[in-house]
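One structure below.
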Amino acid sequence: MSLGANSGTYLDQFPGEAKVIRTAFYSSFIALGIGALMGLLQVFHRLDILRLIPSEDYYSYLTLHAVLLVLTFSIFFLVGVFTWAVTTSLDRGLEDLRYTWGWYGLMAVGTLMAGVAIIGGFFDSIPMSAAVLYTFYAPLQAHPLFYLGLALFIVGSWLAGLDWFRSWWAWRSENPDERIPLPTFMALTTTLFWIISSMGVAISVVVFLLPWSLGLIGQVDALLTRTLFWFFGHAVVYFWLMPAYMLWYVMLPKISGGKLFSDPLARVVFVLFLILSTPTGIHHQYLDPGIAEGFKFIVMVNTMFLLLPSLLTAFTVVASMEHGARQRGGTGYFGWLRALPWRDPVFAGMALAGLMFAAAGFSGMINAGMNINYLVHNTWWIVGHFHLTIGTAVALTFMATTYWFLPQLTNKEIWSKSVGLAQVLLWFVGMTLMSNAMHRSGLVGVPRRTAEPQYSGFDYEVAAGSMAELNMQVAIGGTLLFISTLLFLTVVVMTVWGSKVDTLPANGYAETLSGPEDAPLVLDNLKLWTAIAVVLVVLAYALPLASIIGRRGLFGPGGSPSPQFIDTLVFTGQAIVDSAVGVIR
Amino acid sequence: MSSKLQREIGHDEFDPKGTLALITIYFVIISVLWIFMYFVEFLGNDLTVVGAIA
């Protein structure tokens, strides 16, 4: 909806907040540029097209690429998006901008510290490195600066979430009988599961990895730090994805010329993500010895339940686009697709991102299945999968909506919509080639996280096509993605350099066909959903963690023994889980 | 966008049959892929069994 009383662009309405969001976006884009360059160099290195550095330094490329793109690019962008969403939908500024700059500063300093530690790995003269990959659990060890930086970054993101809560609390005291506006509801539910899930990685870093890297403790348990990492490591993908979902719900219908099909369904989806995001992490550990099959089975069931909110989203978002298309004169079962604004880079980018996400849904189901996962575990298939999710559904949505946000934040017109359209199309084509080839390579066993996946006396047996063809697709796809990133950054820089105009559309978001008045009140009960989320996390994690600590101690074999009561707890829990699995089978 | 709108469609008049058509196609695709997976997993390779003691 457009805001009547306070119309104008976002910059006109909230100049102070617009500055924070702009700064967060620019930080995000710098990370995108460096991360994309690392991606291109990795492709060339792996395929043996160009090896600029020794292969042992490849893992610093990989760490920089992953940390800068999945943590820095995505999280800096999403704190900007959620700040926009909360202030716009509550129609009020943040409570205290000094506090807001404070959390931005923490995140920026944290990123710099982690980045310096990683880049140190490229230079012999700098005595630090952090080639621990984005999945930074033991036994790989980084310089303490890396862990400290990550801890600051995560605390900064928690404080950002608190900022949005403060706005909502203040608004609620003035509007006690109103429903939470949808964009604010989405920001708050996302914040809640982010705080729950990132507790795992916070404990892993603060209690184990940081003291270990500082030499305060002699050893840590690899399995325990892996499990704590994945406690966070799967939920974090929904932290990236939820802002993209929010933009599909509140922005895409408006750009399509229609209204959001259902506000209640959107709320249900975000509640489901709040309760189901975290108790699923062990599905990344199906092949880890040391976690019983029964626990893995429970986690597989939770993971499959997560398909439900994604399928609800597919329905609601496509129906909202269809509403827009039919209002624009579209007809027929498929003819309405032609009435959509495909020449608008904002629409085209978001719609293509959604299409890629549908494909990612299938490979995600393969990853989530306990038996089928064995086929693709630790292969390039997984890398192909998450380049469709975070690398396209999220990244392409963020880039496409930048073409809407940037004018709102600067009062300047996008430099070239045609270049913007070419950019989003290029990303789609590049990712189609690269991701398809990565999936197929994974099926024949090409490993991930490997600098030189070429072996003497061994050839991969490709069922259709050849390895040369697959490698060619990855090389061309990776190059197109890098060019697309350069085009995106060019449009951003040229837009920011442009001059201000006063013909921009007003800030706002999509209206609804079925509004919050149709949604049961219980959906807005955040305390209830948080309590259920915590109970599910305890059910999924208490016994596996107790089992790991009970058998191996807090610091692994040879480390400190654990209290005896844990063994009893684990024995009882294991018996219950085994009989439950027996009944189900 | 509103300048391009040709008509206003309300909640009760809107019948998202195009969405139904697209989602049906998606379900057909993932069902076919699910069946195809059987051939990739079990017929294209040796069985992926872990934990067997030689």
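Identifiers in the structure tokens: chain A, B, ... in order shown; residue index from 1 per chain; ligand index from 1 in order shown.
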Inset, instruction - Give the residues of chain B that lie within 6 Å of chain A; count only C-alpha atoms, and format the answer as a ChimeraX atom specification. - result: /B:1,5-8,11,16,18-19
Can you write just those residues out, N, CA, C and O atoms, as an mmCIF file, in the first residue's frame?
```cif
data_model
loop_
_atom_site.group_PDB
_atom_site.id
_atom_site.type_symbol
_atom_site.label_atom_id
_atom_site.label_comp_id
_atom_site.auth_asym_id
_atom_site.auth_seq_id
_atom_site.Cartn_x
_atom_site.Cartn_y
_atom_site.Cartn_z
ATOM 1 N N MET B 1 2.505 1.414 -11.975
ATOM 2 C CA MET B 1 1.908 0.254 -12.643
ATOM 3 C C MET B 1 0.436 0.497 -12.942
ATOM 4 O O MET B 1 -0.127 -0.035 -13.876
ATOM 5 N N LEU B 5 -3.266 -0.818 -15.824
ATOM 6 C CA LEU B 5 -4.338 -1.721 -15.429
ATOM 7 C C LEU B 5 -5.537 -1.546 -16.344
ATOM 8 O O LEU B 5 -5.967 -0.441 -16.619
ATOM 9 N N GLN B 6 -6.065 -2.687 -16.804
ATOM 10 C CA GLN B 6 -7.228 -2.610 -17.686
ATOM 11 C C GLN B 6 -8.517 -2.850 -16.929
ATOM 12 O O GLN B 6 -9.579 -2.456 -17.359
ATOM 13 N N ARG B 7 -8.439 -3.583 -15.816
ATOM 14 C CA ARG B 7 -9.645 -3.848 -15.028
ATOM 15 C C ARG B 7 -9.237 -4.173 -13.594
ATOM 16 O O ARG B 7 -8.106 -4.562 -13.324
ATOM 17 N N GLU B 8 -10.203 -3.982 -12.718
ATOM 18 C CA GLU B 8 -9.988 -4.284 -11.293
ATOM 19 C C GLU B 8 -10.636 -5.631 -11.016
ATOM 20 O O GLU B 8 -11.807 -5.842 -11.348
ATOM 21 N N HIS B 11 -11.590 -10.003 -4.844
ATOM 22 C CA HIS B 11 -11.305 -11.293 -4.212
ATOM 23 C C HIS B 11 -12.203 -12.401 -4.753
ATOM 24 O O HIS B 11 -11.741 -13.498 -5.074
ATOM 25 N N PRO B 16 -7.689 -18.339 -9.655
ATOM 26 C CA PRO B 16 -6.305 -18.514 -10.120
ATOM 27 C C PRO B 16 -6.083 -19.834 -10.860
ATOM 28 O O PRO B 16 -5.290 -20.676 -10.441
ATOM 29 N N GLY B 18 -4.684 -20.248 -13.758
ATOM 30 C CA GLY B 18 -3.353 -20.293 -14.366
ATOM 31 C C GLY B 18 -2.325 -20.810 -13.367
ATOM 32 O O GLY B 18 -1.408 -21.561 -13.717
ATOM 33 N N THR B 19 -2.490 -20.407 -12.110
ATOM 34 C CA THR B 19 -1.594 -20.885 -11.053
ATOM 35 C C THR B 19 -1.739 -22.384 -10.895
ATOM 36 O O THR B 19 -0.748 -23.117 -10.785
#
```
Inset, instruction - With a distance cut-off of 8 Å and only C-alpha atoms, select the neighbouring residues of range 103-114 of chain A, excluding the residue or stretch itself and same-chain residues fewer than 4 positions from it, and output the selection as a ChimeraX atom specification. - result: /A:20,24,27,72,99,118,145-157,159-160
Would you save the residues from that selection as a compact mmCIF listing (two decimals), in the first residue's frame, using N, CA, C and O atoms?
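And here is the file that came out, again19.txt:
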```
# COMPACT_ATOMS: atom_id res chain seq x y z
N VAL A 20 21.24 4.79 6.65
CA VAL A 20 21.73 3.53 7.21
C VAL A 20 21.56 2.41 6.18
O VAL A 20 22.48 1.61 5.95
N ALA A 24 24.39 0.06 4.46
CA ALA A 24 24.38 -1.40 4.56
C ALA A 24 24.42 -2.02 3.16
O ALA A 24 25.14 -2.99 2.91
N SER A 27 27.91 -1.76 1.65
CA SER A 27 28.80 -2.76 2.25
C SER A 27 28.55 -4.11 1.60
O SER A 27 29.48 -4.87 1.30
N THR A 72 28.35 -11.87 4.38
CA THR A 72 28.41 -10.42 4.29
C THR A 72 27.42 -9.85 3.28
O THR A 72 26.59 -9.00 3.62
N TYR A 99 21.81 3.99 18.03
CA TYR A 99 21.81 2.54 18.29
C TYR A 99 21.92 1.78 16.96
O TYR A 99 22.69 0.83 16.82
N ILE A 118 41.27 -13.97 6.73
CA ILE A 118 41.25 -14.86 5.57
C ILE A 118 42.30 -14.43 4.55
O ILE A 118 43.07 -15.25 4.03
N LEU A 145 41.39 -13.96 15.16
CA LEU A 145 40.74 -12.75 14.61
C LEU A 145 39.50 -13.12 13.80
O LEU A 145 38.50 -12.40 13.80
N PHE A 146 39.56 -14.26 13.11
CA PHE A 146 38.44 -14.72 12.29
C PHE A 146 37.21 -15.00 13.17
O PHE A 146 36.11 -14.52 12.91
N TYR A 147 37.46 -15.77 14.27
CA TYR A 147 36.33 -16.12 15.14
C TYR A 147 35.78 -14.89 15.85
O TYR A 147 34.57 -14.73 16.01
N LEU A 148 36.70 -14.00 16.30
CA LEU A 148 36.25 -12.78 16.97
C LEU A 148 35.39 -11.93 16.04
O LEU A 148 34.35 -11.40 16.43
N GLY A 149 35.86 -11.82 14.79
CA GLY A 149 35.12 -11.03 13.80
C GLY A 149 33.73 -11.60 13.57
O GLY A 149 32.74 -10.87 13.56
N LEU A 150 33.66 -12.93 13.43
CA LEU A 150 32.35 -13.55 13.22
C LEU A 150 31.44 -13.33 14.41
O LEU A 150 30.24 -13.05 14.26
N ALA A 151 32.01 -13.43 15.62
CA ALA A 151 31.19 -13.23 16.82
C ALA A 151 30.62 -11.81 16.84
O ALA A 151 29.42 -11.62 17.09
N LEU A 152 31.45 -10.81 16.51
CA LEU A 152 30.97 -9.43 16.50
C LEU A 152 29.88 -9.26 15.45
O LEU A 152 28.86 -8.58 15.66
N PHE A 153 30.10 -9.88 14.29
CA PHE A 153 29.13 -9.76 13.19
C PHE A 153 27.77 -10.31 13.62
O PHE A 153 26.73 -9.69 13.40
N ILE A 154 27.80 -11.47 14.28
CA ILE A 154 26.54 -12.10 14.68
C ILE A 154 25.86 -11.30 15.78
O ILE A 154 24.64 -11.07 15.74
N VAL A 155 26.64 -10.80 16.74
CA VAL A 155 26.04 -9.96 17.79
C VAL A 155 25.41 -8.72 17.15
O VAL A 155 24.30 -8.31 17.52
N GLY A 156 26.09 -8.14 16.16
CA GLY A 156 25.53 -6.98 15.46
C GLY A 156 24.19 -7.31 14.83
O GLY A 156 23.24 -6.53 14.90
N SER A 157 24.08 -8.51 14.23
CA SER A 157 22.82 -8.87 13.59
C SER A 157 21.72 -9.10 14.64
O SER A 157 20.56 -8.79 14.39
N LEU A 159 21.51 -7.41 17.46
CA LEU A 159 21.10 -6.06 17.88
C LEU A 159 20.21 -5.41 16.82
O LEU A 159 19.31 -4.64 17.14
N ALA A 160 20.47 -5.75 15.54
CA ALA A 160 19.59 -5.23 14.48
C ALA A 160 18.18 -5.76 14.70
O ALA A 160 17.20 -5.02 14.62
```
Legend entry - Shell of 12 Å around Thr479 in chain A, only C-alpha atoms, local chain residues under 5 positions omitted, as number ranges by chain: A: 36-44, 426-427, 429-431, 433-434, 472-474, 484-486
